[in-house]
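Written below as structure tokens is the structure these notes are about.
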Amino acid sequence: MTEVPDTENSEHSAVAPRSPAELLPIAYGFAYTHVLRVVLELRLPELLAERPRDIAELATATRSHEPSLYRLTRLLIAFGLVEDRDGVLHLTELGRYLRADVPGSVRGAIELALDPVLSHAWTELGHTVRTGETAFDHVHGHGLFRHLDADPAAAATFHRVMAGSTRVVLPAVVSAYDFGPLRTLIDVGGGDGTLLAALLSAYPALRGTVFDTPAAIGAAAGVFAAAGVADRADTQAGDFFASVPEGAGGYLLKSILHDWSDADSVRILRNCRAAMRPGGRVLVVEPVVAEDPAGAGGLHAAMSDIQMLVLTPGRERTLAEFARVFADSGLVLVGVHPLPDSPALHLLEAQAA
């Protein structure tokens, strides 16, 4: 047997030594969040998108203290959000995504992260780790979705952010699976219909329904009309814990199951299993936690899982955990489709067991 070299302890090891300085960006993550908050409050992305400006002009436009604003922009340059060209500040390609009006914008997600109701819950992550109780419930005395039901403005922001995050991965979802043979598709928890509209545009013979709460589907008709698919799309309000529309060939759940416990996820999936026509499919689009968190997409999935831990009773799952939830729902996992250019995201295909 050939002896395996001890590369870990070798002075010639290819593994670079780690530095304690690597921990500082993690420790100062809260500061970066507040920097972005001020950037959005001052409308710096919009002002620089209108035209490049020097610091004096930018200070005048934002009614800011010029020396302090200059110091802020130095950090934005270090982040790669702004570029200084001979004293004139330009918005970079990365900085564009802070604008609300560009494809792939993350502005809504940042605004949601800055929401004091949500950010307060993060302060009790320790309580959750010690007890298992969802931090949001512990802080506010009720769950996130009850909060959204009671606060229309918060719900509107939430659904806008969900639609924005969906737009980022639309091409990947459309290309990851052949939706055509399904003929009819129910987008369970599909919000304003952004994903369904894209799928109907890509598959001219497909018809679909967005099934969600009345507040969530309010903007869907306009989305369908703008996409030119209103003749093949409709909406239905309801509670996916009670039932879902019957008789479709496919039931699509994007970013739904990770909000809920295994028991609640089984309730949702069983309803889909009971409603789908013979030979139908249940399609789940969510991050899949890798066995090695340090691998590709591992950080994305692990961070999303902690967010679920803080805000919801749900979790991100490994493939084995998804397979178990499907099995408990009378389904069997038959396809695993990684989404191109989308770390950790997969489209999981299940059929009746």
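Identifiers in the structure tokens: chain A, B, ... in order shown; residue index from 1 per chain; ligand index from 1 in order shown.
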
Quiz item: So which residues touch segment 185-201 of chain A within 7 Å, counting only C-alpha atoms, skipping near sequence neighbours fewer than 2 positions away, as a ChimeraX atom specification?
Solution: /A:159,163,166,170,174,182-183,203-204,206-212,216-220,223-224,227,229,248-253,256

Could you tell me, as a PDB file with all heavy atoms, in the first residue's frame, which residues of segment 158-232 of chain A DSSP assigns to helix (DSSP H, G or I) when given the backbone?
```
ATOM      1  N   PHE A 158     -42.410  42.685   1.687  1.00  0.00           N
ATOM      2  CA  PHE A 158     -41.991  41.282   1.671  1.00  0.00           C
ATOM      3  C   PHE A 158     -42.251  40.647   0.309  1.00  0.00           C
ATOM      4  O   PHE A 158     -41.369  40.005  -0.277  1.00  0.00           O
ATOM      5  CB  PHE A 158     -42.723  40.517   2.772  1.00  0.00           C
ATOM      6  CG  PHE A 158     -42.385  39.051   2.841  1.00  0.00           C
ATOM      7  CD1 PHE A 158     -41.261  38.622   3.513  1.00  0.00           C
ATOM      8  CD2 PHE A 158     -43.195  38.109   2.229  1.00  0.00           C
ATOM      9  CE1 PHE A 158     -40.939  37.274   3.586  1.00  0.00           C
ATOM     10  CE2 PHE A 158     -42.886  36.754   2.295  1.00  0.00           C
ATOM     11  CZ  PHE A 158     -41.756  36.339   2.971  1.00  0.00           C
ATOM     12  N   HIS A 159     -43.462  40.836  -0.223  1.00  0.00           N
ATOM     13  CA  HIS A 159     -43.804  40.212  -1.504  1.00  0.00           C
ATOM     14  C   HIS A 159     -43.017  40.843  -2.656  1.00  0.00           C
ATOM     15  O   HIS A 159     -42.646  40.152  -3.614  1.00  0.00           O
ATOM     16  CB  HIS A 159     -45.311  40.314  -1.755  1.00  0.00           C
ATOM     17  CG  HIS A 159     -46.129  39.493  -0.793  1.00  0.00           C
ATOM     18  ND1 HIS A 159     -45.929  38.148  -0.618  1.00  0.00           N
ATOM     19  CD2 HIS A 159     -47.138  39.840   0.051  1.00  0.00           C
ATOM     20  CE1 HIS A 159     -46.774  37.682   0.292  1.00  0.00           C
ATOM     21  NE2 HIS A 159     -47.510  38.686   0.710  1.00  0.00           N
ATOM     22  N   ARG A 160     -42.711  42.142  -2.542  1.00  0.00           N
ATOM     23  CA  ARG A 160     -41.890  42.791  -3.562  1.00  0.00           C
ATOM     24  C   ARG A 160     -40.472  42.220  -3.560  1.00  0.00           C
ATOM     25  O   ARG A 160     -39.883  41.973  -4.621  1.00  0.00           O
ATOM     26  CB  ARG A 160     -41.869  44.299  -3.315  1.00  0.00           C
ATOM     27  CG  ARG A 160     -40.970  45.080  -4.272  1.00  0.00           C
ATOM     28  CD  ARG A 160     -41.240  46.573  -4.171  1.00  0.00           C
ATOM     29  NE  ARG A 160     -41.168  47.051  -2.814  1.00  0.00           N
ATOM     30  CZ  ARG A 160     -40.044  47.398  -2.184  1.00  0.00           C
ATOM     31  NH1 ARG A 160     -38.889  47.297  -2.813  1.00  0.00           N
ATOM     32  NH2 ARG A 160     -40.065  47.857  -0.947  1.00  0.00           N
ATOM     33  N   VAL A 161     -39.951  41.982  -2.365  1.00  0.00           N
ATOM     34  CA  VAL A 161     -38.607  41.400  -2.261  1.00  0.00           C
ATOM     35  C   VAL A 161     -38.600  39.974  -2.799  1.00  0.00           C
ATOM     36  O   VAL A 161     -37.667  39.563  -3.499  1.00  0.00           O
ATOM     37  CB  VAL A 161     -38.119  41.443  -0.804  1.00  0.00           C
ATOM     38  CG1 VAL A 161     -36.825  40.657  -0.643  1.00  0.00           C
ATOM     39  CG2 VAL A 161     -37.910  42.886  -0.365  1.00  0.00           C
ATOM     40  N   MET A 162     -39.623  39.199  -2.468  1.00  0.00           N
ATOM     41  CA  MET A 162     -39.693  37.825  -2.969  1.00  0.00           C
ATOM     42  C   MET A 162     -39.749  37.807  -4.498  1.00  0.00           C
ATOM     43  O   MET A 162     -39.095  36.985  -5.149  1.00  0.00           O
ATOM     44  CB  MET A 162     -40.916  37.115  -2.391  1.00  0.00           C
ATOM     45  CG  MET A 162     -40.872  36.874  -0.886  1.00  0.00           C
ATOM     46  SD  MET A 162     -39.422  35.938  -0.333  1.00  0.00           S
ATOM     47  CE  MET A 162     -38.375  37.261   0.305  1.00  0.00           C
ATOM     48  N   ALA A 163     -40.529  38.731  -5.068  1.00  0.00           N
ATOM     49  CA  ALA A 163     -40.594  38.814  -6.537  1.00  0.00           C
ATOM     50  C   ALA A 163     -39.239  39.201  -7.111  1.00  0.00           C
ATOM     51  O   ALA A 163     -38.806  38.670  -8.146  1.00  0.00           O
ATOM     52  CB  ALA A 163     -41.660  39.820  -6.954  1.00  0.00           C
ATOM     53  N   GLY A 164     -38.545  40.121  -6.436  1.00  0.00           N
ATOM     54  CA  GLY A 164     -37.222  40.531  -6.914  1.00  0.00           C
ATOM     55  C   GLY A 164     -36.221  39.391  -6.877  1.00  0.00           C
ATOM     56  O   GLY A 164     -35.433  39.208  -7.816  1.00  0.00           O
ATOM     57  N   SER A 165     -36.243  38.607  -5.783  1.00  0.00           N
ATOM     58  CA  SER A 165     -35.317  37.476  -5.698  1.00  0.00           C
ATOM     59  C   SER A 165     -35.648  36.418  -6.737  1.00  0.00           C
ATOM     60  O   SER A 165     -34.750  35.740  -7.261  1.00  0.00           O
ATOM     61  CB  SER A 165     -35.351  36.877  -4.293  1.00  0.00           C
ATOM     62  OG  SER A 165     -36.609  36.277  -4.021  1.00  0.00           O
ATOM     63  N   THR A 166     -36.926  36.302  -7.067  1.00  0.00           N
ATOM     64  CA  THR A 166     -37.328  35.349  -8.108  1.00  0.00           C
ATOM     65  C   THR A 166     -36.835  35.802  -9.475  1.00  0.00           C
ATOM     66  O   THR A 166     -36.360  34.987 -10.282  1.00  0.00           O
ATOM     67  CB  THR A 166     -38.857  35.192  -8.122  1.00  0.00           C
ATOM     68  OG1 THR A 166     -39.273  34.582  -6.891  1.00  0.00           O
ATOM     69  CG2 THR A 166     -39.314  34.314  -9.278  1.00  0.00           C
ATOM     70  N   ARG A 167     -36.926  37.110  -9.750  1.00  0.00           N
ATOM     71  CA  ARG A 167     -36.477  37.614 -11.058  1.00  0.00           C
ATOM     72  C   ARG A 167     -35.005  37.308 -11.307  1.00  0.00           C
ATOM     73  O   ARG A 167     -34.595  37.057 -12.448  1.00  0.00           O
ATOM     74  CB  ARG A 167     -36.737  39.118 -11.156  1.00  0.00           C
ATOM     75  CG  ARG A 167     -38.174  39.464 -11.544  1.00  0.00           C
ATOM     76  CD  ARG A 167     -38.310  40.943 -11.885  1.00  0.00           C
ATOM     77  NE  ARG A 167     -38.213  41.771 -10.697  1.00  0.00           N
ATOM     78  CZ  ARG A 167     -39.232  42.097  -9.924  1.00  0.00           C
ATOM     79  NH1 ARG A 167     -40.452  41.649 -10.203  1.00  0.00           N
ATOM     80  NH2 ARG A 167     -39.067  42.868  -8.857  1.00  0.00           N
ATOM     81  N   VAL A 168     -34.208  37.303 -10.235  1.00  0.00           N
ATOM     82  CA  VAL A 168     -32.775  37.035 -10.388  1.00  0.00           C
ATOM     83  C   VAL A 168     -32.534  35.638 -10.950  1.00  0.00           C
ATOM     84  O   VAL A 168     -31.610  35.425 -11.745  1.00  0.00           O
ATOM     85  CB  VAL A 168     -32.053  37.204  -9.033  1.00  0.00           C
ATOM     86  CG1 VAL A 168     -30.606  36.768  -9.135  1.00  0.00           C
ATOM     87  CG2 VAL A 168     -32.136  38.658  -8.559  1.00  0.00           C
ATOM     88  N   VAL A 169     -33.369  34.669 -10.569  1.00  0.00           N
ATOM     89  CA  VAL A 169     -33.126  33.270 -10.963  1.00  0.00           C
ATOM     90  C   VAL A 169     -34.076  32.789 -12.059  1.00  0.00           C
ATOM     91  O   VAL A 169     -34.077  31.600 -12.385  1.00  0.00           O
ATOM     92  CB  VAL A 169     -33.222  32.331  -9.738  1.00  0.00           C
ATOM     93  CG1 VAL A 169     -32.173  32.698  -8.707  1.00  0.00           C
ATOM     94  CG2 VAL A 169     -34.614  32.349  -9.120  1.00  0.00           C
ATOM     95  N   LEU A 170     -34.871  33.686 -12.631  1.00  0.00           N
ATOM     96  CA  LEU A 170     -35.836  33.267 -13.655  1.00  0.00           C
ATOM     97  C   LEU A 170     -35.189  32.471 -14.792  1.00  0.00           C
ATOM     98  O   LEU A 170     -35.669  31.374 -15.126  1.00  0.00           O
ATOM     99  CB  LEU A 170     -36.572  34.484 -14.229  1.00  0.00           C
ATOM    100  CG  LEU A 170     -37.700  35.082 -13.387  1.00  0.00           C
ATOM    101  CD1 LEU A 170     -38.301  36.276 -14.094  1.00  0.00           C
ATOM    102  CD2 LEU A 170     -38.762  34.052 -13.074  1.00  0.00           C
ATOM    103  N   PRO A 171     -34.118  32.984 -15.418  1.00  0.00           N
ATOM    104  CA  PRO A 171     -33.537  32.212 -16.530  1.00  0.00           C
ATOM    105  C   PRO A 171     -33.080  30.828 -16.094  1.00  0.00           C
ATOM    106  O   PRO A 171     -33.219  29.861 -16.840  1.00  0.00           O
ATOM    107  CB  PRO A 171     -32.360  33.085 -16.984  1.00  0.00           C
ATOM    108  CG  PRO A 171     -32.685  34.465 -16.503  1.00  0.00           C
ATOM    109  CD  PRO A 171     -33.423  34.271 -15.220  1.00  0.00           C
ATOM    110  N   ALA A 172     -32.546  30.733 -14.874  1.00  0.00           N
ATOM    111  CA  ALA A 172     -32.057  29.444 -14.390  1.00  0.00           C
ATOM    112  C   ALA A 172     -33.194  28.459 -14.183  1.00  0.00           C
ATOM    113  O   ALA A 172     -33.092  27.278 -14.537  1.00  0.00           O
ATOM    114  CB  ALA A 172     -31.280  29.634 -13.090  1.00  0.00           C
ATOM    115  N   VAL A 173     -34.317  28.927 -13.614  1.00  0.00           N
ATOM    116  CA  VAL A 173     -35.454  28.028 -13.389  1.00  0.00           C
ATOM    117  C   VAL A 173     -36.052  27.593 -14.723  1.00  0.00           C
ATOM    118  O   VAL A 173     -36.351  26.406 -14.928  1.00  0.00           O
ATOM    119  CB  VAL A 173     -36.524  28.720 -12.518  1.00  0.00           C
ATOM    120  CG1 VAL A 173     -37.760  27.822 -12.387  1.00  0.00           C
ATOM    121  CG2 VAL A 173     -35.973  29.049 -11.138  1.00  0.00           C
ATOM    122  N   VAL A 174     -36.213  28.542 -15.627  1.00  0.00           N
ATOM    123  CA  VAL A 174     -36.820  28.220 -16.930  1.00  0.00           C
ATOM    124  C   VAL A 174     -35.994  27.182 -17.680  1.00  0.00           C
ATOM    125  O   VAL A 174     -36.542  26.279 -18.327  1.00  0.00           O
ATOM    126  CB  VAL A 174     -36.977  29.507 -17.770  1.00  0.00           C
ATOM    127  CG1 VAL A 174     -37.368  29.170 -19.204  1.00  0.00           C
ATOM    128  CG2 VAL A 174     -38.028  30.424 -17.135  1.00  0.00           C
ATOM    129  N   SER A 175     -34.666  27.282 -17.571  1.00  0.00           N
ATOM    130  CA  SER A 175     -33.802  26.376 -18.332  1.00  0.00           C
ATOM    131  C   SER A 175     -33.503  25.067 -17.613  1.00  0.00           C
ATOM    132  O   SER A 175     -32.972  24.128 -18.220  1.00  0.00           O
ATOM    133  CB  SER A 175     -32.478  27.080 -18.655  1.00  0.00           C
ATOM    134  OG  SER A 175     -31.748  27.365 -17.469  1.00  0.00           O
ATOM    135  N   ALA A 176     -33.846  24.965 -16.338  1.00  0.00           N
ATOM    136  CA  ALA A 176     -33.458  23.796 -15.551  1.00  0.00           C
ATOM    137  C   ALA A 176     -34.365  22.592 -15.775  1.00  0.00           C
ATOM    138  O   ALA A 176     -33.982  21.462 -15.455  1.00  0.00           O
ATOM    139  CB  ALA A 176     -33.435  24.144 -14.063  1.00  0.00           C
ATOM    140  N   GLY A 180     -43.037  21.992 -20.352  1.00  0.00           N
ATOM    141  CA  GLY A 180     -44.048  21.848 -21.386  1.00  0.00           C
ATOM    142  C   GLY A 180     -44.975  20.668 -21.208  1.00  0.00           C
ATOM    143  O   GLY A 180     -46.219  20.821 -21.311  1.00  0.00           O
ATOM    144  N   PRO A 181     -44.473  19.452 -20.949  1.00  0.00           N
ATOM    145  CA  PRO A 181     -45.355  18.290 -20.833  1.00  0.00           C
ATOM    146  C   PRO A 181     -46.360  18.364 -19.689  1.00  0.00           C
ATOM    147  O   PRO A 181     -47.324  17.584 -19.662  1.00  0.00           O
ATOM    148  CB  PRO A 181     -44.373  17.132 -20.619  1.00  0.00           C
ATOM    149  CG  PRO A 181     -43.089  17.604 -21.235  1.00  0.00           C
ATOM    150  CD  PRO A 181     -43.054  19.077 -20.949  1.00  0.00           C
ATOM    151  N   LEU A 182     -46.181  19.264 -18.726  1.00  0.00           N
ATOM    152  CA  LEU A 182     -47.108  19.359 -17.605  1.00  0.00           C
ATOM    153  C   LEU A 182     -48.479  19.870 -18.036  1.00  0.00           C
ATOM    154  O   LEU A 182     -49.482  19.574 -17.403  1.00  0.00           O
ATOM    155  CB  LEU A 182     -46.540  20.294 -16.522  1.00  0.00           C
ATOM    156  CG  LEU A 182     -45.199  19.894 -15.903  1.00  0.00           C
ATOM    157  CD1 LEU A 182     -44.725  20.972 -14.935  1.00  0.00           C
ATOM    158  CD2 LEU A 182     -45.305  18.558 -15.189  1.00  0.00           C
ATOM    159  N   THR A 194     -44.662  36.441 -10.805  1.00  0.00           N
ATOM    160  CA  THR A 194     -43.447  36.708 -11.578  1.00  0.00           C
ATOM    161  C   THR A 194     -42.887  35.432 -12.213  1.00  0.00           C
ATOM    162  O   THR A 194     -42.556  35.404 -13.407  1.00  0.00           O
ATOM    163  CB  THR A 194     -42.384  37.363 -10.689  1.00  0.00           C
ATOM    164  OG1 THR A 194     -42.839  38.664 -10.287  1.00  0.00           O
ATOM    165  CG2 THR A 194     -41.059  37.505 -11.423  1.00  0.00           C
ATOM    166  N   LEU A 195     -42.788  34.372 -11.429  1.00  0.00           N
ATOM    167  CA  LEU A 195     -42.223  33.121 -11.944  1.00  0.00           C
ATOM    168  C   LEU A 195     -43.162  32.463 -12.939  1.00  0.00           C
ATOM    169  O   LEU A 195     -42.730  32.012 -14.009  1.00  0.00           O
ATOM    170  CB  LEU A 195     -41.922  32.168 -10.787  1.00  0.00           C
ATOM    171  CG  LEU A 195     -41.357  30.796 -11.162  1.00  0.00           C
ATOM    172  CD1 LEU A 195     -40.120  30.924 -12.045  1.00  0.00           C
ATOM    173  CD2 LEU A 195     -41.030  29.992  -9.901  1.00  0.00           C
ATOM    174  N   LEU A 196     -44.439  32.402 -12.623  1.00  0.00           N
ATOM    175  CA  LEU A 196     -45.387  31.769 -13.540  1.00  0.00           C
ATOM    176  C   LEU A 196     -45.429  32.505 -14.876  1.00  0.00           C
ATOM    177  O   LEU A 196     -45.469  31.878 -15.938  1.00  0.00           O
ATOM    178  CB  LEU A 196     -46.782  31.723 -12.919  1.00  0.00           C
ATOM    179  CG  LEU A 196     -47.845  31.037 -13.774  1.00  0.00           C
ATOM    180  CD1 LEU A 196     -47.495  29.583 -14.038  1.00  0.00           C
ATOM    181  CD2 LEU A 196     -49.225  31.144 -13.118  1.00  0.00           C
ATOM    182  N   ALA A 197     -45.406  33.831 -14.852  1.00  0.00           N
ATOM    183  CA  ALA A 197     -45.429  34.607 -16.093  1.00  0.00           C
ATOM    184  C   ALA A 197     -44.229  34.269 -16.967  1.00  0.00           C
ATOM    185  O   ALA A 197     -44.352  34.128 -18.196  1.00  0.00           O
ATOM    186  CB  ALA A 197     -45.456  36.104 -15.780  1.00  0.00           C
ATOM    187  N   ALA A 198     -43.062  34.114 -16.357  1.00  0.00           N
ATOM    188  CA  ALA A 198     -41.863  33.769 -17.130  1.00  0.00           C
ATOM    189  C   ALA A 198     -41.982  32.379 -17.732  1.00  0.00           C
ATOM    190  O   ALA A 198     -41.584  32.154 -18.880  1.00  0.00           O
ATOM    191  CB  ALA A 198     -40.630  33.858 -16.234  1.00  0.00           C
ATOM    192  N   LEU A 199     -42.528  31.440 -16.979  1.00  0.00           N
ATOM    193  CA  LEU A 199     -42.679  30.078 -17.484  1.00  0.00           C
ATOM    194  C   LEU A 199     -43.691  30.014 -18.619  1.00  0.00           C
ATOM    195  O   LEU A 199     -43.480  29.326 -19.623  1.00  0.00           O
ATOM    196  CB  LEU A 199     -43.085  29.141 -16.347  1.00  0.00           C
ATOM    197  CG  LEU A 199     -42.010  28.902 -15.282  1.00  0.00           C
ATOM    198  CD1 LEU A 199     -42.587  28.141 -14.098  1.00  0.00           C
ATOM    199  CD2 LEU A 199     -40.824  28.151 -15.873  1.00  0.00           C
ATOM    200  N   LEU A 200     -44.795  30.737 -18.481  1.00  0.00           N
ATOM    201  CA  LEU A 200     -45.791  30.747 -19.551  1.00  0.00           C
ATOM    202  C   LEU A 200     -45.245  31.423 -20.805  1.00  0.00           C
ATOM    203  O   LEU A 200     -45.590  31.032 -21.932  1.00  0.00           O
ATOM    204  CB  LEU A 200     -47.071  31.452 -19.078  1.00  0.00           C
ATOM    205  CG  LEU A 200     -47.817  30.810 -17.902  1.00  0.00           C
ATOM    206  CD1 LEU A 200     -49.125  31.534 -17.643  1.00  0.00           C
ATOM    207  CD2 LEU A 200     -48.067  29.334 -18.131  1.00  0.00           C
ATOM    208  N   SER A 201     -44.400  32.418 -20.622  1.00  0.00           N
ATOM    209  CA  SER A 201     -43.778  33.070 -21.780  1.00  0.00           C
ATOM    210  C   SER A 201     -42.854  32.108 -22.505  1.00  0.00           C
ATOM    211  O   SER A 201     -42.748  32.131 -23.738  1.00  0.00           O
ATOM    212  CB  SER A 201     -42.993  34.308 -21.328  1.00  0.00           C
ATOM    213  OG  SER A 201     -43.847  35.289 -20.772  1.00  0.00           O
ATOM    214  N   ALA A 202     -42.167  31.263 -21.748  1.00  0.00           N
ATOM    215  CA  ALA A 202     -41.217  30.314 -22.347  1.00  0.00           C
ATOM    216  C   ALA A 202     -41.905  29.084 -22.929  1.00  0.00           C
ATOM    217  O   ALA A 202     -41.350  28.431 -23.821  1.00  0.00           O
ATOM    218  CB  ALA A 202     -40.198  29.883 -21.299  1.00  0.00           C
ATOM    219  N   ALA A 220     -50.817  40.210  -9.333  1.00  0.00           N
ATOM    220  CA  ALA A 220     -50.527  39.188 -10.350  1.00  0.00           C
ATOM    221  C   ALA A 220     -51.167  39.494 -11.700  1.00  0.00           C
ATOM    222  O   ALA A 220     -50.552  39.260 -12.754  1.00  0.00           O
ATOM    223  CB  ALA A 220     -50.978  37.816  -9.855  1.00  0.00           C
ATOM    224  N   ALA A 221     -52.387  40.011 -11.701  1.00  0.00           N
ATOM    225  CA  ALA A 221     -53.061  40.289 -12.972  1.00  0.00           C
ATOM    226  C   ALA A 221     -52.240  41.261 -13.816  1.00  0.00           C
ATOM    227  O   ALA A 221     -52.120  41.092 -15.040  1.00  0.00           O
ATOM    228  CB  ALA A 221     -54.463  40.842 -12.717  1.00  0.00           C
ATOM    229  N   GLY A 222     -51.676  42.278 -13.181  1.00  0.00           N
ATOM    230  CA  GLY A 222     -50.838  43.225 -13.905  1.00  0.00           C
ATOM    231  C   GLY A 222     -49.567  42.597 -14.425  1.00  0.00           C
ATOM    232  O   GLY A 222     -49.106  42.913 -15.534  1.00  0.00           O
ATOM    233  N   VAL A 223     -48.966  41.690 -13.648  1.00  0.00           N
ATOM    234  CA  VAL A 223     -47.763  40.983 -14.090  1.00  0.00           C
ATOM    235  C   VAL A 223     -48.073  40.118 -15.302  1.00  0.00           C
ATOM    236  O   VAL A 223     -47.317  40.090 -16.287  1.00  0.00           O
ATOM    237  CB  VAL A 223     -47.190  40.127 -12.937  1.00  0.00           C
ATOM    238  CG1 VAL A 223     -46.068  39.222 -13.431  1.00  0.00           C
ATOM    239  CG2 VAL A 223     -46.691  41.024 -11.811  1.00  0.00           C
ATOM    240  N   PHE A 224     -49.211  39.416 -15.262  1.00  0.00           N
ATOM    241  CA  PHE A 224     -49.599  38.564 -16.392  1.00  0.00           C
ATOM    242  C   PHE A 224     -49.857  39.401 -17.648  1.00  0.00           C
ATOM    243  O   PHE A 224     -49.439  39.035 -18.749  1.00  0.00           O
ATOM    244  CB  PHE A 224     -50.849  37.761 -16.051  1.00  0.00           C
ATOM    245  CG  PHE A 224     -50.663  36.768 -14.938  1.00  0.00           C
ATOM    246  CD1 PHE A 224     -51.719  36.432 -14.103  1.00  0.00           C
ATOM    247  CD2 PHE A 224     -49.435  36.175 -14.711  1.00  0.00           C
ATOM    248  CE1 PHE A 224     -51.566  35.519 -13.077  1.00  0.00           C
ATOM    249  CE2 PHE A 224     -49.263  35.257 -13.684  1.00  0.00           C
ATOM    250  CZ  PHE A 224     -50.329  34.935 -12.854  1.00  0.00           C
ATOM    251  N   ALA A 225     -50.536  40.530 -17.462  1.00  0.00           N
ATOM    252  CA  ALA A 225     -50.838  41.389 -18.614  1.00  0.00           C
ATOM    253  C   ALA A 225     -49.554  41.939 -19.230  1.00  0.00           C
ATOM    254  O   ALA A 225     -49.397  41.956 -20.453  1.00  0.00           O
ATOM    255  CB  ALA A 225     -51.759  42.527 -18.186  1.00  0.00           C
ATOM    256  N   ALA A 226     -48.630  42.379 -18.381  1.00  0.00           N
ATOM    257  CA  ALA A 226     -47.373  42.933 -18.878  1.00  0.00           C
ATOM    258  C   ALA A 226     -46.562  41.895 -19.633  1.00  0.00           C
ATOM    259  O   ALA A 226     -45.843  42.226 -20.588  1.00  0.00           O
ATOM    260  CB  ALA A 226     -46.564  43.505 -17.719  1.00  0.00           C
ATOM    261  N   ALA A 227     -46.670  40.628 -19.231  1.00  0.00           N
ATOM    262  CA  ALA A 227     -45.925  39.549 -19.880  1.00  0.00           C
ATOM    263  C   ALA A 227     -46.637  38.996 -21.105  1.00  0.00           C
ATOM    264  O   ALA A 227     -46.080  38.158 -21.824  1.00  0.00           O
ATOM    265  CB  ALA A 227     -45.666  38.425 -18.887  1.00  0.00           C
ATOM    266  N   ALA A 230     -51.879  36.839 -20.023  1.00  0.00           N
ATOM    267  CA  ALA A 230     -53.105  36.909 -19.221  1.00  0.00           C
ATOM    268  C   ALA A 230     -54.173  35.933 -19.691  1.00  0.00           C
ATOM    269  O   ALA A 230     -55.034  35.525 -18.900  1.00  0.00           O
ATOM    270  CB  ALA A 230     -53.656  38.338 -19.243  1.00  0.00           C
ATOM    271  N   ASP A 231     -54.137  35.543 -20.965  1.00  0.00           N
ATOM    272  CA  ASP A 231     -55.135  34.597 -21.473  1.00  0.00           C
ATOM    273  C   ASP A 231     -54.873  33.162 -21.040  1.00  0.00           C
ATOM    274  O   ASP A 231     -55.728  32.284 -21.210  1.00  0.00           O
ATOM    275  CB  ASP A 231     -55.194  34.660 -23.001  1.00  0.00           C
ATOM    276  CG  ASP A 231     -53.862  34.330 -23.662  1.00  0.00           C
ATOM    277  OD1 ASP A 231     -52.812  34.624 -23.057  1.00  0.00           O
ATOM    278  OD2 ASP A 231     -53.876  33.789 -24.780  1.00  0.00           O
ATOM    279  N   ARG A 232     -53.686  32.913 -20.457  1.00  0.00           N
ATOM    280  CA  ARG A 232     -53.356  31.551 -20.016  1.00  0.00           C
ATOM    281  C   ARG A 232     -53.038  31.472 -18.526  1.00  0.00           C
ATOM    282  O   ARG A 232     -52.577  30.439 -18.051  1.00  0.00           O
ATOM    283  CB  ARG A 232     -52.160  31.019 -20.824  1.00  0.00           C
ATOM    284  CG  ARG A 232     -52.463  30.799 -22.294  1.00  0.00           C
ATOM    285  CD  ARG A 232     -51.265  30.196 -23.034  1.00  0.00           C
ATOM    286  NE  ARG A 232     -50.197  31.167 -23.231  1.00  0.00           N
ATOM    287  CZ  ARG A 232     -48.951  31.019 -22.807  1.00  0.00           C
ATOM    288  NH1 ARG A 232     -48.613  29.945 -22.106  1.00  0.00           N
ATOM    289  NH2 ARG A 232     -48.039  31.942 -23.046  1.00  0.00           N
TER     290      ARG A 232
END
```

Practice problem: as a ChimeraX atom specification, list the residues of segment 37-272 of chain A assigned to strand (DSSP E) by DSSP on the backbone atoms of this structure. | Solution: /A:53-54,82-85,88-91,184-188,207-212,233-237,250-254

Please, which residues in segment 281-352 of chain A fall within 7 Å of segment 130-141 of chain A when counting only C-alpha atoms, and what is the closest atom pair and distance in Å to one decimal for each, ordered by chain then residue number, as a tab-separated table?
```
residue	atom	partner	partner_atom	distance
A:Leu309	CA	A:Thr134	CA	6.2
A:Val310	CA	A:Ala135	CA	4.9
A:Leu311	CA	A:Phe136	CA	5.1
A:Thr312	CA	A:Thr134	CA	6.2
A:Pro313	CA	A:Thr134	CA	6.1
```

Limited to all heavy atoms, could you put the picked residues into a file as a CSV table (one decimal), in the first residue's frame?
```csv
chain,number,residue,atom,x,y,z
A,309,LEU,N,-33.8,29.9,10.7
A,309,LEU,CA,-33.8,29.6,12.1
A,309,LEU,C,-34.3,30.8,12.9
A,309,LEU,O,-35.0,30.7,13.9
A,309,LEU,CB,-32.4,29.2,12.6
A,309,LEU,CG,-32.2,28.8,14.0
A,309,LEU,CD1,-32.9,27.4,14.3
A,309,LEU,CD2,-30.7,28.6,14.3
A,310,VAL,N,-33.9,32.0,12.5
A,310,VAL,CA,-34.2,33.2,13.3
A,310,VAL,C,-35.7,33.6,13.0
A,310,VAL,O,-36.4,34.0,13.9
A,310,VAL,CB,-33.2,34.3,12.9
A,310,VAL,CG1,-33.7,35.7,13.4
A,310,VAL,CG2,-31.8,34.0,13.4
A,311,LEU,N,-36.1,33.5,11.8
A,311,LEU,CA,-37.3,34.2,11.4
A,311,LEU,C,-38.5,33.2,11.2
A,311,LEU,O,-39.7,33.7,11.3
A,311,LEU,CB,-37.2,34.9,10.0
A,311,LEU,CG,-36.1,36.0,10.0
A,311,LEU,CD1,-36.0,36.6,8.6
A,311,LEU,CD2,-36.4,37.1,11.0
A,312,THR,N,-38.3,32.0,11.0
A,312,THR,CA,-39.4,31.0,10.8
A,312,THR,C,-39.2,29.7,11.5
A,312,THR,O,-38.2,29.5,12.0
A,312,THR,CB,-39.5,30.7,9.2
A,312,THR,OG1,-38.5,29.8,8.9
A,312,THR,CG2,-39.4,32.0,8.4
A,313,PRO,N,-40.3,28.9,11.5
A,313,PRO,CA,-40.1,27.5,12.0
A,313,PRO,C,-39.4,26.6,11.1
A,313,PRO,O,-39.3,25.4,11.3
A,313,PRO,CB,-41.5,27.1,12.4
A,313,PRO,CG,-42.3,27.8,11.4
A,313,PRO,CD,-41.7,29.2,11.2
```
